Amino acid sequence: MRTFSPRALGVAAIFLGAAAFPACGADDRKPTEKPSGGADASTDSGGGACPAGTKLLATDCDPIGGYCGLPFPSNVYLSDDPSGKHPSGKVVTFGATTLPAVLSTGAHVDPALFSGFDGFSPASAAMVYLPGATADGLPTTDTLAASVDPSTPTILLDVEKGTLVPHFVDLDQHAATDDQRALMLHPAVLLRNGARYVVAFRGVKDASGNPVPPPDAFRALRDGEDYPDASVDARRCLYADIFARLAAAGVKKDDLQVAWDFSVGSKESITNPLVRVRDAALATVGADGPEYTIKEDQGVQQITENPNPYIMRRIVLTMKAPLYLTTAAYTPGDPVPHLQWDDAGQPVQNGTMDVDVLVQIPNSVKTAGKHGLLQNGHGLFGSKSEGQNGYAATMCDGYHWIELATDLFGFASDSGDPLMAVEGLQGRAEVLPGLIDRQIQGHVNQLLAMRLMMGKVARDGIADAAGTVVLDPAWVDASVRAYRGDSQGGIMGGTYMAVSTDVTRGLLGEPGTPYSVLLNRSTDADLYNQFLEGAFGDGRAVQMLWGLIQLFWDRSEPSGFVPFLTENTLPNTPSHHVLMHDALGDHQVTTVGAHIMARAVGAKLVESNDAAKPVIREVFGLDRKAPPFSGESALVEYDFALPAEPLTNLPQAGGCDPHDRVRVLGPSQSQADVFLRTGEVEWKCDGVCNCDGANEEQNCAQSYKDQCCDAGSTDPKCQ
């Protein structure tokens, strides 16, 4: 029987709790996104293809999807917004029974939960159910170039531009039985905010190699036949437009098996909550940052001398962060905390919350002069202490940085988040919006920690209760500021970098987006999906729920923010660049997600110093570039001689998981230091970066022993 880590259990709980019981009503706390007051299922949905107010569905279920709620996402569930408060003029509107039902109660996921959205996710997987379908011949992560050829079996069309969008298709491998496997078309790039897209499937075959028949309702739309469901006649005007758009892109309708359209939510609706809380908090604390004290434990200040060979002094501060939640505390049974907004859509402060900030001063301050400020981002359901005796300590001492770190409130081990997740697992309805609101507060807390360190700490230093200086301002160069994070820290680091006003360069280790792709391709995926399937009883419901959850994730995770990292930046926000490091064969964070993020930020695939093998592999959509270069984002990949990643929504699970090995390697830290200080990308590996047994990088062998060897192992590399 498989044993799951607390990390896996925590993540499963957060998502099951969030998705299984969302009955807390409309997410009406978000600025510019108030509920529409019961809009019906009417829409013009096709950019004027049908008259405004046309009802496209006669029932809660779309007859072309093969399963209620599918196809998803779809503009048949996007209504005109009578309130006028949604930036797109639309509002997501599901029927009372459109969304999956919890087996134990029979209650459907509450559609009101989604009435705060004015479109669908820029990372939406377009999913449908075609009985008997296989994925044979459909685009994969290895054939993205073919997915934009008009002859490809599957189509994702940007309606306004008239161009095909690169994508890959999964036939869900997590479903318990073949008759529950959704077909999922994933965009390989983040989609444009406010844009309309058409999805089309053709040439999908069954196990015998025969074409899968189209749903009867879709055949009637395609061929102009009569059909008893009134939903078909109602949307003929819409489909006249869809078929015309496809024809203009070189796609004939005759062999289509199913097609539909959907529109992406506005930039404002996705990013405004975090941006507005950020702006309010930074304005409140000013250039100095928030007030703070040295944390005490039973009256003793938390100052630790020489905790390891690299760190001279470790200090834990407690800062007073402006609080915008109804409460920072959480006990099971209490009302779930949520962000507060005034009538103008601005956040309302509710006092302050105590946030601990870990500060590590390396031995190098004794001899090396001023040090930069380096903020560290922790892993999934982790804490600020991660790396304090390892990679973070060696980076600080070896390259002259003072580290600061906070728990990512809303996604940390010690902040009540696991309790919320468990309670959600047991049936508490309000978990999903509450957790995302907490993460927004958590992102802002991280920004405030940097403001504190570059403000009053850099100016005045830190003195203990006796007045002894424990951090001398002479050690700090506040003009040198950077971020680094791994796993969740690399993923959510994409959001940090897109919204930070004080840090413009960051290292993202094991990064990726969106979570709906990452988690399906993680070694923890079986657990997430087992719980969700246990609650809902059908693999199609599970995948639809991932798509619904992604709508909320966009407001916190990189899918909603990294397109604005360098260009078209968020209001009052500078341009940023990131250096991304990924590991081929990562069991926990697939490089598929890293590539989606890299395309979104316009990263260059960095060439090695070996002309015979400039890169480990080509990455679709990324231009190669030989270093040194500066002023751009970049991706460097590390090879661990592991099996290729599966071409389905399964993880690579062979060999030793390289997750977290890259961050301890010599060339990784050296390259990061140069980039974080200067913005220049240099090459530090000997040929392509690898731990594959030939010309291995510094610390490859030790990282294998540390992360791949159990007590008593007979593996020669563990001796």
# chains A, B, ... in the order shown; residues from 1 in each chain; ligands from 1
>>> residues_around(residues="range 606-615 of chain A", least_positions_apart="2", cutoff="9 Å", atoms="only C-alpha atoms", output="JSON, numbers by chain")
{"A": [603, 604, 617, 618, 623, 624, 625, 626, 627, 634, 635, 636, 637, 681, 682, 683, 684, 685, 686, 687, 688, 689]}
>>> write_last_selection(atoms="N, CA and C atoms", output="compact mmCIF listing (two decimals), in the first residue's frame")
# COMPACT_ATOMS: atom_id res chain seq x y z
N ALA A 603 11.04 33.92 -21.96
CA ALA A 603 12.39 33.50 -21.58
C ALA A 603 13.16 32.95 -22.78
N LYS A 604 14.47 33.12 -22.74
CA LYS A 604 15.37 32.51 -23.70
C LYS A 604 15.88 31.18 -23.16
N ARG A 617 17.82 19.79 -24.98
CA ARG A 617 16.71 19.55 -25.89
C ARG A 617 16.17 20.91 -26.32
N GLU A 618 15.50 20.94 -27.43
CA GLU A 618 14.81 22.15 -27.85
C GLU A 618 13.51 22.27 -27.04
N ASP A 623 13.20 30.78 -28.00
CA ASP A 623 14.39 30.99 -28.82
C ASP A 623 15.63 30.66 -27.99
N ARG A 624 16.60 30.02 -28.63
CA ARG A 624 17.87 29.76 -27.97
C ARG A 624 18.74 31.01 -28.01
N LYS A 625 19.56 31.17 -26.99
CA LYS A 625 20.48 32.30 -26.98
C LYS A 625 21.75 31.92 -26.24
N ALA A 626 22.88 32.29 -26.84
CA ALA A 626 24.17 32.00 -26.23
C ALA A 626 24.54 33.10 -25.24
N PRO A 627 24.98 32.73 -24.05
CA PRO A 627 25.39 33.74 -23.09
C PRO A 627 26.81 34.24 -23.42
N ALA A 634 15.35 33.93 -18.63
CA ALA A 634 16.07 32.81 -19.21
C ALA A 634 15.66 31.51 -18.53
N LEU A 635 15.78 30.41 -19.28
CA LEU A 635 15.53 29.06 -18.78
C LEU A 635 16.78 28.21 -18.97
N VAL A 636 17.21 27.55 -17.90
CA VAL A 636 18.31 26.58 -17.95
C VAL A 636 17.78 25.25 -17.46
N GLU A 637 18.02 24.20 -18.23
CA GLU A 637 17.53 22.87 -17.86
C GLU A 637 18.71 21.98 -17.44
N VAL A 681 23.07 36.86 -17.75
CA VAL A 681 23.04 35.40 -17.77
C VAL A 681 24.39 34.92 -18.27
N GLU A 682 25.11 34.23 -17.42
CA GLU A 682 26.39 33.63 -17.79
C GLU A 682 26.24 32.11 -17.78
N TRP A 683 27.18 31.42 -18.44
CA TRP A 683 27.15 29.97 -18.42
C TRP A 683 28.16 29.46 -17.40
N LYS A 684 27.72 28.59 -16.50
CA LYS A 684 28.57 28.12 -15.42
C LYS A 684 28.82 26.62 -15.44
N CYS A 685 28.05 25.87 -16.24
CA CYS A 685 28.23 24.43 -16.31
C CYS A 685 29.36 24.06 -17.28
N ASP A 686 29.81 22.82 -17.17
CA ASP A 686 30.82 22.30 -18.09
C ASP A 686 30.08 21.54 -19.18
N GLY A 687 29.78 22.24 -20.29
CA GLY A 687 28.86 21.70 -21.27
C GLY A 687 27.44 21.88 -20.78
N VAL A 688 26.51 21.05 -21.27
CA VAL A 688 25.14 21.17 -20.77
C VAL A 688 25.12 20.81 -19.30
N CYS A 689 24.21 21.40 -18.55
CA CYS A 689 24.14 21.16 -17.10
C CYS A 689 23.60 19.76 -16.84
>>> closest_residue(among="A:Ala368, A:Ser500, A:Ala328, A:Asp538", to="Ala182 in chain A", atoms="only C-alpha atoms")
A:Asp538
>>> closest_residue(among="A:Tyr77, A:Leu164, A:Ser413, A:Cys396", to="Ser263 in chain A", atoms="only C-alpha atoms")
A:Tyr77
>>> atom_distance(atom1="CA of Asp62 in chain A", atom2="CA of Tyr515 in chain A")
26.4 Å
>>> select_by_dssp(residues="range 49-278 of chain A", states="strand (DSSP E or B)", output="MDAnalysis selection string")
chainID A and resid 55 72 78:80 90:92 101 108 120 126:128 154:158 163:164 167:171 183:187 196:202 205 211 256:264
>>> closest_residue(among="A:Ser522, A:Asn568, A:Ser147, A:Gln488", to="Asp660 in chain A", atoms="only C-alpha atoms")
A:Gln488
>>> closest_residue(among="A:Gly712, A:Gly162, A:Pro418, A:Pro571", to="Leu246 in chain A", atoms="only C-alpha atoms")
A:Gly162
>>> closest_atom_pairs(of="range 546-650 of chain A", to="range 100-116 of chain A", cutoff="12 Å", atoms="only C-alpha atoms", output="tab-separated table")
residue	atom	partner	partner_atom	distance
A:Trp546	CA	A:Pro100	CA	11.8
A:Gly547	CA	A:Phe114	CA	12.0
A:Leu548	CA	A:Phe114	CA	8.5
A:Ile549	CA	A:Phe114	CA	9.9
A:Gln550	CA	A:Phe114	CA	11.4
A:Leu551	CA	A:Phe114	CA	8.4
A:Phe552	CA	A:Phe114	CA	8.9
A:Arg555	CA	A:Gly116	CA	11.8
>>> write_last_selection(atoms="N, CA and C atoms", output="PDB file, in the first residue's frame")
ATOM      1  N   TRP A 546     -11.008  20.388 -11.303  1.00  0.00           N
ATOM      2  CA  TRP A 546      -9.699  21.036 -11.462  1.00  0.00           C
ATOM      3  C   TRP A 546      -9.840  22.314 -12.282  1.00  0.00           C
ATOM      4  N   GLY A 547     -10.654  22.252 -13.332  1.00  0.00           N
ATOM      5  CA  GLY A 547     -10.852  23.450 -14.155  1.00  0.00           C
ATOM      6  C   GLY A 547     -11.565  24.556 -13.396  1.00  0.00           C
ATOM      7  N   LEU A 548     -12.522  24.189 -12.564  1.00  0.00           N
ATOM      8  CA  LEU A 548     -13.239  25.186 -11.762  1.00  0.00           C
ATOM      9  C   LEU A 548     -12.322  25.792 -10.703  1.00  0.00           C
ATOM     10  N   ILE A 549     -11.530  24.951 -10.051  1.00  0.00           N
ATOM     11  CA  ILE A 549     -10.595  25.438  -9.043  1.00  0.00           C
ATOM     12  C   ILE A 549      -9.595  26.400  -9.659  1.00  0.00           C
ATOM     13  N   GLN A 550      -9.201  26.132 -10.911  1.00  0.00           N
ATOM     14  CA  GLN A 550      -8.209  26.988 -11.564  1.00  0.00           C
ATOM     15  C   GLN A 550      -8.681  28.436 -11.660  1.00  0.00           C
ATOM     16  N   LEU A 551      -9.988  28.638 -11.756  1.00  0.00           N
ATOM     17  CA  LEU A 551     -10.506  30.005 -11.780  1.00  0.00           C
ATOM     18  C   LEU A 551     -10.068  30.771 -10.542  1.00  0.00           C
ATOM     19  N   PHE A 552     -10.090  30.116  -9.396  1.00  0.00           N
ATOM     20  CA  PHE A 552      -9.658  30.774  -8.166  1.00  0.00           C
ATOM     21  C   PHE A 552      -8.141  30.866  -8.087  1.00  0.00           C
ATOM     22  N   ARG A 555      -6.037  33.932  -9.296  1.00  0.00           N
ATOM     23  CA  ARG A 555      -5.917  35.169  -8.517  1.00  0.00           C
ATOM     24  C   ARG A 555      -4.728  35.136  -7.565  1.00  0.00           C
TER      25      ARG A 555
END
>>> residues_around(residues="Gln257 in chain A", least_positions_apart="4", cutoff="6 Å", atoms="only C-alpha atoms", output="PyMOL selection string")
chain A and resi 201-202+214
>>> select_by_dssp(residues="range 576-681 of chain A", states="helix (DSSP H, G or I)", output="ChimeraX atom specification")
/A:591-601,662-664,666-678
>>> write_last_selection(atoms="N, CA, C and O atoms", output="compact mmCIF listing (two decimals), in the first residue's frame")
# COMPACT_ATOMS: atom_id res chain seq x y z
N THR A 591 8.21 19.61 -15.98
CA THR A 591 8.78 20.67 -16.81
C THR A 591 7.79 21.17 -17.85
O THR A 591 8.00 22.22 -18.46
N VAL A 592 6.69 20.44 -18.08
CA VAL A 592 5.64 20.95 -18.96
C VAL A 592 5.14 22.29 -18.44
O VAL A 592 4.95 23.25 -19.20
N GLY A 593 4.94 22.39 -17.13
CA GLY A 593 4.51 23.65 -16.52
C GLY A 593 5.58 24.71 -16.57
O GLY A 593 5.29 25.90 -16.74
N ALA A 594 6.85 24.31 -16.41
CA ALA A 594 7.95 25.28 -16.50
C ALA A 594 7.99 25.90 -17.89
O ALA A 594 8.24 27.10 -18.05
N HIS A 595 7.74 25.09 -18.91
CA HIS A 595 7.78 25.61 -20.28
C HIS A 595 6.62 26.56 -20.55
O HIS A 595 6.79 27.56 -21.26
N ILE A 596 5.44 26.27 -19.99
CA ILE A 596 4.32 27.20 -20.14
C ILE A 596 4.67 28.54 -19.52
O ILE A 596 4.43 29.61 -20.10
N MET A 597 5.28 28.51 -18.33
CA MET A 597 5.68 29.76 -17.68
C MET A 597 6.76 30.47 -18.48
O MET A 597 6.72 31.70 -18.65
N ALA A 598 7.74 29.71 -18.97
CA ALA A 598 8.83 30.33 -19.73
C ALA A 598 8.32 31.02 -20.98
O ALA A 598 8.79 32.11 -21.33
N ARG A 599 7.35 30.43 -21.67
CA ARG A 599 6.78 31.09 -22.84
C ARG A 599 6.07 32.37 -22.43
O ARG A 599 6.13 33.38 -23.14
N ALA A 600 5.38 32.32 -21.30
CA ALA A 600 4.61 33.48 -20.86
C ALA A 600 5.50 34.67 -20.55
O ALA A 600 5.10 35.82 -20.76
N VAL A 601 6.70 34.42 -20.03
CA VAL A 601 7.60 35.53 -19.67
C VAL A 601 8.59 35.85 -20.78
O VAL A 601 9.43 36.74 -20.62
N VAL A 662 18.75 20.66 -8.00
CA VAL A 662 19.43 21.71 -8.77
C VAL A 662 19.91 22.84 -7.86
O VAL A 662 21.01 23.38 -8.04
N ARG A 663 19.13 23.18 -6.86
CA ARG A 663 19.43 24.37 -6.06
C ARG A 663 20.71 24.25 -5.24
O ARG A 663 21.24 25.25 -4.78
N VAL A 664 21.23 23.03 -5.04
CA VAL A 664 22.46 22.87 -4.26
C VAL A 664 23.68 22.75 -5.15
O VAL A 664 24.81 22.68 -4.63
N GLY A 666 26.75 23.66 -7.61
CA GLY A 666 27.63 24.83 -7.71
C GLY A 666 27.29 25.76 -8.85
O GLY A 666 27.15 26.98 -8.64
N PRO A 667 27.14 25.26 -10.09
CA PRO A 667 26.85 26.17 -11.19
C PRO A 667 25.50 26.86 -11.07
O PRO A 667 25.33 27.98 -11.53
N SER A 668 24.53 26.19 -10.42
CA SER A 668 23.22 26.81 -10.23
C SER A 668 23.33 28.03 -9.33
O SER A 668 22.82 29.11 -9.65
N GLN A 669 24.02 27.89 -8.20
CA GLN A 669 24.15 29.01 -7.28
C GLN A 669 25.01 30.12 -7.87
O GLN A 669 24.69 31.31 -7.72
N SER A 670 26.08 29.75 -8.56
CA SER A 670 26.96 30.77 -9.14
C SER A 670 26.24 31.56 -10.23
O SER A 670 26.32 32.79 -10.28
N GLN A 671 25.53 30.87 -11.10
CA GLN A 671 24.78 31.55 -12.17
C GLN A 671 23.71 32.44 -11.58
O GLN A 671 23.50 33.57 -12.04
N ALA A 672 23.02 31.94 -10.55
CA ALA A 672 21.96 32.73 -9.92
C ALA A 672 22.52 34.00 -9.31
O ALA A 672 21.92 35.08 -9.44
N ASP A 673 23.65 33.91 -8.64
CA ASP A 673 24.23 35.09 -7.99
C ASP A 673 24.51 36.19 -9.00
O ASP A 673 24.16 37.36 -8.77
N VAL A 674 25.12 35.85 -10.11
CA VAL A 674 25.43 36.86 -11.14
C VAL A 674 24.16 37.48 -11.67
O VAL A 674 24.04 38.70 -11.81
N PHE A 675 23.18 36.63 -11.98
CA PHE A 675 21.93 37.14 -12.54
C PHE A 675 21.21 38.05 -11.56
O PHE A 675 20.72 39.13 -11.93
N LEU A 676 21.11 37.62 -10.31
CA LEU A 676 20.36 38.39 -9.33
C LEU A 676 21.00 39.75 -9.06
O LEU A 676 20.31 40.73 -8.77
N ARG A 677 22.33 39.83 -9.18
CA ARG A 677 23.01 41.09 -8.93
C ARG A 677 23.04 42.01 -10.15
O ARG A 677 22.91 43.24 -10.01
N THR A 678 23.19 41.42 -11.33
CA THR A 678 23.45 42.24 -12.51
C THR A 678 22.43 42.10 -13.62
O THR A 678 22.39 42.93 -14.54
>>> closest_residue(among="A:Tyr67, A:Tyr292, A:Phe531, A:Phe120", to="Ala321 in chain A", atoms="only C-alpha atoms")
A:Tyr292
>>> atom_distance(atom1="CA of Asp216 in chain A", atom2="CA of Asp179 in chain A")
17.8 Å
>>> residues_around(residues="range 129-131 of chain A", least_positions_apart="4", cutoff="6 Å", atoms="only C-alpha atoms", output="list in words")
Gly65, Gly66, Ala182 and Leu183 of chain A
>>> residues_around(residues="Gly585 in chain A", least_positions_apart="2", cutoff="6 Å", atoms="only C-alpha atoms", output="short mmCIF file (atom, residue, chain, number, x, y, z; two decimals) with C-alpha atoms, in the first residue's frame")
data_model
loop_
_atom_site.label_atom_id
_atom_site.label_comp_id
_atom_site.auth_asym_id
_atom_site.auth_seq_id
_atom_site.Cartn_x
_atom_site.Cartn_y
_atom_site.Cartn_z
CA LEU A 642 16.06 9.87 -16.16
CA GLU A 645 8.33 12.47 -19.10
CA GLN A 652 7.62 10.76 -14.50
#
>>> closest_residue(among="A:Thr271, A:Asp80, A:Gly489, A:Ala329", to="Val562 in chain A", atoms="only C-alpha atoms")
A:Thr271
